[in-house]
Structure formats: C-alpha cells, structure tokens
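Report on the following structure.
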Amino acid sequence: SKVPANGTIIWGSNHVNKSMITGESTPLSKEVGGTVIGGTMKLNGALHIEATRIGSDVVLSQILHLVEMTQMTKNPIKKFVDYV
C-alpha cells in the first residue's frame, strides 16, 4: 500500500520503496523516528505516521507543480526558433 502523507514514523517498522521519488530501486528499512514521503510504497507491515506535510506541501505535489511550470514556459532556443 502507499504511504498516505509525508511524515515521521511513530510506531512500527517497514521497508519503503522510494523509487518513484529518488530513482533508488532498493527498498529502504524505515523505523520509529524515520521520515517517509507520501505516495511511496510500503512493502510489508504496518506503520503509524504523524503527518508533517499535507496537501500542496508534500514532495509529490511540489514535483508536479515544477513539471507543470516547466511545460508552460518556453525554452530560450524555442523562442529563437519561433522568431526565425
């Protein structure tokens, strides 16, 4: 299942696959006091998480915002080609 929000683990331990955020293919062990990123995949076990960021503050939302901004702006070389 997916981690619901960015937060700190207050109970439990688990392996978390962060490949969608970091590109790292090896699941990392997470224990009490560790941080998790919303949208990443838990592999086994249960975690109780204290949410530290929700909504537009989560990492995945920030990445989506940056992608949208990049797609809406024109690259300087594109501007030059349009001019020519």
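To be explicit about the labels: the chains of the structure tokens are called A, B, and onward in the order shown, and within each one the residues are counted from 1, while ligands get numbers from 1 in the order they are shown.
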Can you check which residues of chain A DSSP gives as helix (DSSP H, G or I) on the backbone and send them as an mmCIF file with all heavy atoms, in the first residue's frame?
```cif
data_model
loop_
_atom_site.group_PDB
_atom_site.id
_atom_site.type_symbol
_atom_site.label_atom_id
_atom_site.label_comp_id
_atom_site.auth_asym_id
_atom_site.auth_seq_id
_atom_site.Cartn_x
_atom_site.Cartn_y
_atom_site.Cartn_z
ATOM 1 N N SER A 19 11.427 4.556 -5.086
ATOM 2 C CA SER A 19 11.941 4.690 -6.448
ATOM 3 C C SER A 19 11.213 5.761 -7.254
ATOM 4 O O SER A 19 11.810 6.393 -8.123
ATOM 5 C CB SER A 19 11.886 3.353 -7.177
ATOM 6 O OG SER A 19 10.569 2.906 -7.316
ATOM 7 N N MET A 20 9.922 5.991 -6.997
ATOM 8 C CA MET A 20 9.201 7.000 -7.771
ATOM 9 C C MET A 20 9.671 8.421 -7.459
ATOM 10 O O MET A 20 9.500 9.322 -8.273
ATOM 11 C CB MET A 20 7.693 6.887 -7.535
ATOM 12 C CG MET A 20 7.263 7.282 -6.140
ATOM 13 S SD MET A 20 5.502 7.181 -5.879
ATOM 14 C CE MET A 20 4.950 8.592 -6.762
ATOM 15 N N ILE A 21 10.302 8.615 -6.304
ATOM 16 C CA ILE A 21 10.793 9.942 -5.927
ATOM 17 C C ILE A 21 12.290 10.062 -6.184
ATOM 18 O O ILE A 21 12.753 11.032 -6.772
ATOM 19 C CB ILE A 21 10.501 10.231 -4.435
ATOM 20 C CG1 ILE A 21 9.008 10.114 -4.127
ATOM 21 C CG2 ILE A 21 11.047 11.583 -4.013
ATOM 22 C CD1 ILE A 21 8.146 11.154 -4.780
ATOM 23 N N THR A 22 13.068 9.068 -5.737
ATOM 24 C CA THR A 22 14.522 9.169 -5.787
ATOM 25 C C THR A 22 15.161 8.391 -6.929
ATOM 26 O O THR A 22 16.318 8.616 -7.243
ATOM 27 C CB THR A 22 15.133 8.649 -4.477
ATOM 28 O OG1 THR A 22 14.835 7.256 -4.345
ATOM 29 C CG2 THR A 22 14.613 9.415 -3.283
ATOM 30 N N GLY A 55 -1.353 18.014 1.620
ATOM 31 C CA GLY A 55 -1.820 18.878 0.533
ATOM 32 C C GLY A 55 -0.713 19.323 -0.388
ATOM 33 O O GLY A 55 0.074 18.525 -0.882
ATOM 34 N N SER A 56 -0.629 20.626 -0.620
ATOM 35 C CA SER A 56 0.337 21.154 -1.589
ATOM 36 C C SER A 56 1.761 21.179 -1.051
ATOM 37 O O SER A 56 2.691 21.482 -1.793
ATOM 38 C CB SER A 56 -0.066 22.558 -2.016
ATOM 39 O OG SER A 56 -0.058 23.423 -0.905
ATOM 40 N N ASP A 57 1.970 20.855 0.227
ATOM 41 C CA ASP A 57 3.312 20.845 0.807
ATOM 42 C C ASP A 57 4.054 19.530 0.591
ATOM 43 O O ASP A 57 5.253 19.460 0.821
ATOM 44 C CB ASP A 57 3.257 21.120 2.312
ATOM 45 C CG ASP A 57 2.913 22.558 2.632
ATOM 46 O OD1 ASP A 57 3.107 23.417 1.759
ATOM 47 O OD2 ASP A 57 2.453 22.823 3.760
ATOM 48 N N VAL A 59 5.988 16.355 -1.137
ATOM 49 C CA VAL A 59 7.024 16.318 -2.167
ATOM 50 C C VAL A 59 6.439 16.033 -3.540
ATOM 51 O O VAL A 59 6.789 16.691 -4.523
ATOM 52 C CB VAL A 59 8.094 15.258 -1.798
ATOM 53 C CG1 VAL A 59 9.077 15.065 -2.934
ATOM 54 C CG2 VAL A 59 8.822 15.655 -0.531
ATOM 55 N N LEU A 60 5.534 15.073 -3.633
ATOM 56 C CA LEU A 60 4.953 14.715 -4.930
ATOM 57 C C LEU A 60 4.201 15.888 -5.547
ATOM 58 O O LEU A 60 4.303 16.144 -6.745
ATOM 59 C CB LEU A 60 4.025 13.511 -4.760
ATOM 60 C CG LEU A 60 3.555 12.831 -6.026
ATOM 61 C CD1 LEU A 60 4.725 12.399 -6.889
ATOM 62 C CD2 LEU A 60 2.696 11.633 -5.686
ATOM 63 N N SER A 61 3.486 16.643 -4.737
ATOM 64 C CA SER A 61 2.764 17.811 -5.236
ATOM 65 C C SER A 61 3.733 18.875 -5.745
ATOM 66 O O SER A 61 3.487 19.517 -6.762
ATOM 67 C CB SER A 61 1.885 18.384 -4.128
ATOM 68 O OG SER A 61 1.237 19.552 -4.561
ATOM 69 N N GLN A 62 4.852 19.045 -5.038
ATOM 70 C CA GLN A 62 5.848 20.022 -5.463
ATOM 71 C C GLN A 62 6.491 19.618 -6.790
ATOM 72 O O GLN A 62 6.738 20.454 -7.650
ATOM 73 C CB GLN A 62 6.910 20.198 -4.379
ATOM 74 C CG GLN A 62 6.366 20.849 -3.134
ATOM 75 C CD GLN A 62 7.360 20.858 -1.993
ATOM 76 O OE1 GLN A 62 8.433 20.291 -2.083
ATOM 77 N NE2 GLN A 62 6.990 21.499 -0.900
ATOM 78 N N ILE A 63 6.732 18.311 -6.973
ATOM 79 C CA ILE A 63 7.293 17.826 -8.236
ATOM 80 C C ILE A 63 6.308 18.077 -9.378
ATOM 81 O O ILE A 63 6.698 18.553 -10.452
ATOM 82 C CB ILE A 63 7.656 16.333 -8.133
ATOM 83 C CG1 ILE A 63 8.844 16.146 -7.193
ATOM 84 C CG2 ILE A 63 7.960 15.754 -9.513
ATOM 85 C CD1 ILE A 63 9.146 14.707 -6.860
ATOM 86 N N LEU A 64 5.036 17.773 -9.161
ATOM 87 C CA LEU A 64 4.025 18.013 -10.190
ATOM 88 C C LEU A 64 3.939 19.489 -10.554
ATOM 89 O O LEU A 64 3.808 19.846 -11.728
ATOM 90 C CB LEU A 64 2.661 17.508 -9.726
ATOM 91 C CG LEU A 64 2.513 15.996 -9.638
ATOM 92 C CD1 LEU A 64 1.164 15.631 -9.023
ATOM 93 C CD2 LEU A 64 2.655 15.370 -11.005
ATOM 94 N N HIS A 65 4.023 20.357 -9.567
ATOM 95 C CA HIS A 65 3.985 21.794 -9.811
ATOM 96 C C HIS A 65 5.171 22.223 -10.679
ATOM 97 O O HIS A 65 5.013 23.006 -11.636
ATOM 98 C CB HIS A 65 3.982 22.555 -8.488
ATOM 99 C CG HIS A 65 4.036 24.039 -8.646
ATOM 100 N ND1 HIS A 65 2.964 24.772 -9.124
ATOM 101 C CD2 HIS A 65 5.028 24.919 -8.415
ATOM 102 C CE1 HIS A 65 3.309 26.046 -9.179
ATOM 103 N NE2 HIS A 65 4.557 26.156 -8.753
ATOM 104 N N LEU A 66 6.370 21.715 -10.370
ATOM 105 C CA LEU A 66 7.552 22.066 -11.153
ATOM 106 C C LEU A 66 7.439 21.574 -12.593
ATOM 107 O O LEU A 66 7.829 22.277 -13.528
ATOM 108 C CB LEU A 66 8.809 21.488 -10.500
ATOM 109 C CG LEU A 66 9.240 22.155 -9.201
ATOM 110 C CD1 LEU A 66 10.381 21.369 -8.557
ATOM 111 C CD2 LEU A 66 9.655 23.588 -9.444
ATOM 112 N N VAL A 67 6.894 20.376 -12.784
ATOM 113 C CA VAL A 67 6.716 19.844 -14.139
ATOM 114 C C VAL A 67 5.736 20.716 -14.918
ATOM 115 O O VAL A 67 5.971 21.051 -16.086
ATOM 116 C CB VAL A 67 6.244 18.377 -14.099
ATOM 117 C CG1 VAL A 67 5.790 17.905 -15.464
ATOM 118 C CG2 VAL A 67 7.350 17.479 -13.564
ATOM 119 N N GLU A 68 4.624 21.102 -14.279
ATOM 120 C CA GLU A 68 3.654 21.970 -14.943
ATOM 121 C C GLU A 68 4.271 23.305 -15.320
ATOM 122 O O GLU A 68 4.048 23.813 -16.426
ATOM 123 C CB GLU A 68 2.441 22.189 -14.043
ATOM 124 C CG GLU A 68 1.553 20.973 -13.910
ATOM 125 C CD GLU A 68 0.447 21.178 -12.883
ATOM 126 O OE1 GLU A 68 0.450 22.205 -12.163
ATOM 127 O OE2 GLU A 68 -0.411 20.292 -12.795
ATOM 128 N N MET A 69 5.046 23.891 -14.413
ATOM 129 C CA MET A 69 5.695 25.181 -14.695
ATOM 130 C C MET A 69 6.664 25.044 -15.866
ATOM 131 O O MET A 69 6.737 25.925 -16.728
ATOM 132 C CB MET A 69 6.436 25.682 -13.452
ATOM 133 C CG MET A 69 5.534 26.070 -12.302
ATOM 134 S SD MET A 69 4.642 27.590 -12.607
ATOM 135 C CE MET A 69 5.975 28.745 -12.607
ATOM 136 N N THR A 70 7.409 23.954 -15.904
ATOM 137 C CA THR A 70 8.375 23.733 -16.976
ATOM 138 C C THR A 70 7.679 23.580 -18.311
ATOM 139 O O THR A 70 8.144 24.107 -19.331
ATOM 140 C CB THR A 70 9.218 22.477 -16.677
ATOM 141 O OG1 THR A 70 9.860 22.656 -15.415
ATOM 142 C CG2 THR A 70 10.254 22.250 -17.740
ATOM 143 N N GLN A 71 6.563 22.878 -18.330
ATOM 144 C CA GLN A 71 5.845 22.673 -19.582
ATOM 145 C C GLN A 71 5.186 23.949 -20.087
ATOM 146 O O GLN A 71 4.979 24.106 -21.281
ATOM 147 C CB GLN A 71 4.797 21.575 -19.412
ATOM 148 C CG GLN A 71 5.414 20.204 -19.270
ATOM 149 C CD GLN A 71 4.374 19.120 -19.056
ATOM 150 O OE1 GLN A 71 3.236 19.389 -18.693
ATOM 151 N NE2 GLN A 71 4.774 17.887 -19.266
ATOM 152 N N MET A 72 4.862 24.867 -19.198
ATOM 153 C CA MET A 72 4.192 26.100 -19.607
ATOM 154 C C MET A 72 5.162 27.169 -20.094
ATOM 155 O O MET A 72 4.765 28.082 -20.807
ATOM 156 C CB MET A 72 3.349 26.651 -18.451
ATOM 157 C CG MET A 72 2.162 25.782 -18.143
ATOM 158 S SD MET A 72 0.981 26.418 -16.929
ATOM 159 C CE MET A 72 1.889 27.467 -15.862
ATOM 160 N N PRO A 76 14.538 29.082 -24.115
ATOM 161 C CA PRO A 76 15.084 30.181 -24.929
ATOM 162 C C PRO A 76 15.343 29.794 -26.383
ATOM 163 O O PRO A 76 15.121 30.596 -27.291
ATOM 164 C CB PRO A 76 16.396 30.521 -24.214
ATOM 165 C CG PRO A 76 16.167 30.118 -22.801
ATOM 166 C CD PRO A 76 15.281 28.914 -22.868
ATOM 167 N N ILE A 77 15.779 28.562 -26.628
ATOM 168 C CA ILE A 77 16.018 28.156 -28.018
ATOM 169 C C ILE A 77 14.704 28.053 -28.792
ATOM 170 O O ILE A 77 14.646 28.370 -29.979
ATOM 171 C CB ILE A 77 16.835 26.837 -28.092
ATOM 172 C CG1 ILE A 77 17.365 26.590 -29.507
ATOM 173 C CG2 ILE A 77 16.007 25.662 -27.639
ATOM 174 C CD1 ILE A 77 18.429 27.526 -29.932
ATOM 175 N N LYS A 78 13.635 27.654 -28.127
ATOM 176 C CA LYS A 78 12.324 27.608 -28.787
ATOM 177 C C LYS A 78 11.859 29.009 -29.148
ATOM 178 O O LYS A 78 11.276 29.219 -30.210
ATOM 179 C CB LYS A 78 11.290 26.931 -27.884
ATOM 180 C CG LYS A 78 11.406 25.439 -27.831
ATOM 181 C CD LYS A 78 10.274 24.860 -27.013
ATOM 182 C CE LYS A 78 10.350 23.367 -26.933
ATOM 183 N NZ LYS A 78 9.251 22.799 -26.155
ATOM 184 N N LYS A 79 12.113 29.953 -28.267
ATOM 185 C CA LYS A 79 11.743 31.341 -28.553
ATOM 186 C C LYS A 79 12.486 31.834 -29.792
ATOM 187 O O LYS A 79 11.926 32.497 -30.663
ATOM 188 C CB LYS A 79 12.056 32.234 -27.362
ATOM 189 C CG LYS A 79 11.133 32.056 -26.194
ATOM 190 C CD LYS A 79 11.514 32.993 -25.070
ATOM 191 C CE LYS A 79 10.666 32.789 -23.864
ATOM 192 N NZ LYS A 79 11.039 33.646 -22.749
ATOM 193 N N PHE A 80 13.775 31.506 -29.879
ATOM 194 C CA PHE A 80 14.571 31.926 -31.023
ATOM 195 C C PHE A 80 14.076 31.284 -32.316
ATOM 196 O O PHE A 80 13.964 31.949 -33.348
ATOM 197 C CB PHE A 80 16.049 31.581 -30.793
ATOM 198 C CG PHE A 80 16.928 31.969 -31.936
ATOM 199 C CD1 PHE A 80 17.216 33.309 -32.184
ATOM 200 C CD2 PHE A 80 17.466 31.015 -32.759
ATOM 201 C CE1 PHE A 80 18.023 33.672 -33.247
ATOM 202 C CE2 PHE A 80 18.272 31.357 -33.842
ATOM 203 C CZ PHE A 80 18.561 32.708 -34.071
ATOM 204 N N VAL A 81 13.756 29.983 -32.265
ATOM 205 C CA VAL A 81 13.253 29.279 -33.443
ATOM 206 C C VAL A 81 11.933 29.885 -33.886
ATOM 207 O O VAL A 81 11.705 30.096 -35.083
ATOM 208 C CB VAL A 81 13.108 27.763 -33.160
ATOM 209 C CG1 VAL A 81 12.334 27.070 -34.256
ATOM 210 C CG2 VAL A 81 14.478 27.125 -32.983
ATOM 211 N N ASP A 82 11.048 30.201 -32.948
ATOM 212 C CA ASP A 82 9.788 30.845 -33.294
ATOM 213 C C ASP A 82 10.025 32.195 -33.950
ATOM 214 O O ASP A 82 9.318 32.586 -34.877
ATOM 215 C CB ASP A 82 8.908 30.999 -32.053
ATOM 216 C CG ASP A 82 8.360 29.682 -31.564
ATOM 217 O OD1 ASP A 82 8.411 28.685 -32.315
ATOM 218 O OD2 ASP A 82 7.868 29.643 -30.415
ATOM 219 N N TYR A 83 11.027 32.913 -33.476
ATOM 220 C CA TYR A 83 11.359 34.211 -34.023
ATOM 221 C C TYR A 83 11.837 34.077 -35.473
ATOM 222 O O TYR A 83 11.453 34.839 -36.352
ATOM 223 C CB TYR A 83 12.419 34.899 -33.175
ATOM 224 C CG TYR A 83 12.936 36.183 -33.756
ATOM 225 C CD1 TYR A 83 12.163 37.339 -33.710
ATOM 226 C CD2 TYR A 83 14.188 36.232 -34.359
ATOM 227 C CE1 TYR A 83 12.636 38.514 -34.247
ATOM 228 C CE2 TYR A 83 14.654 37.411 -34.907
ATOM 229 C CZ TYR A 83 13.887 38.547 -34.848
ATOM 230 O OH TYR A 83 14.349 39.704 -35.382
#
```
- If you run DSSP on this backbone, which residues of chain A come out as strand (DSSP E or B), and could you give them as a ChimeraX atom specification? /A:2,6-11,14-17,28-30,35-36,41-42,48-53
- Of A:Val58, A:Ile9, A:Val84, A:Leu47, the one sitting nearest Thr35 in chain A when using only C-alpha atoms is A:Ile9
- Query: So, counting only C-alpha atoms, which residue among A:Leu43, A:Leu28, A:Ile54, A:Val36 is closest to Gly7 in chain A?
  - Reply: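 Using only C-alpha atoms, Gly7 in chain A sits closest to A:Val36.
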- Task: Quick one: everything within 10 Å of Ala46 in chain A, counting only C-alpha atoms, minus sequence neighbours fewer than 5 positions away in the same chain. Send it as a list in words.
- Result: Ser1, Trp11, Gly12, Ser13 and Asn14 of chain A
- Item | Non-local contacts of Pro4 in chain A (10 Å; only C-alpha atoms; under 5 positions in same chain excluded) as a list in words |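 Near Pro4 in chain A, the qualifying residues are Val36, Ile37, Gly38, Gly39, Thr40, Met41, Ile49, Ala51 and Ile54 of chain A.
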Given the selection you just returned, output its residues as a file containing N, CA and C atoms, formatted as a compact mmCIF listing (two decimals), in the first residue's frame.
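Heads up, here's the output in again03.txt:
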```txt
# COMPACT_ATOMS: atom_id res chain seq x y z
N VAL A 36 9.06 9.44 6.11
CA VAL A 36 8.55 8.81 4.90
C VAL A 36 7.93 9.89 4.01
N ILE A 37 7.88 9.59 2.73
CA ILE A 37 7.35 10.53 1.75
C ILE A 37 6.02 10.00 1.24
N GLY A 38 5.02 10.84 1.22
CA GLY A 38 3.69 10.46 0.75
C GLY A 38 3.73 9.99 -0.69
N GLY A 39 3.01 8.89 -0.97
CA GLY A 39 2.94 8.35 -2.31
C GLY A 39 3.92 7.22 -2.57
N THR A 40 4.91 7.05 -1.67
CA THR A 40 5.84 5.93 -1.83
C THR A 40 5.16 4.64 -1.36
N MET A 41 5.72 3.50 -1.73
CA MET A 41 5.09 2.21 -1.45
C MET A 41 5.68 1.53 -0.21
N ILE A 49 1.98 6.87 11.32
CA ILE A 49 2.74 8.03 10.87
C ILE A 49 2.10 9.31 11.38
N ALA A 51 1.65 12.89 10.40
CA ALA A 51 1.79 13.70 9.18
C ALA A 51 2.46 15.02 9.50
N ILE A 54 0.98 18.01 4.37
CA ILE A 54 -0.19 17.51 3.66
C ILE A 54 -0.53 18.47 2.53
```
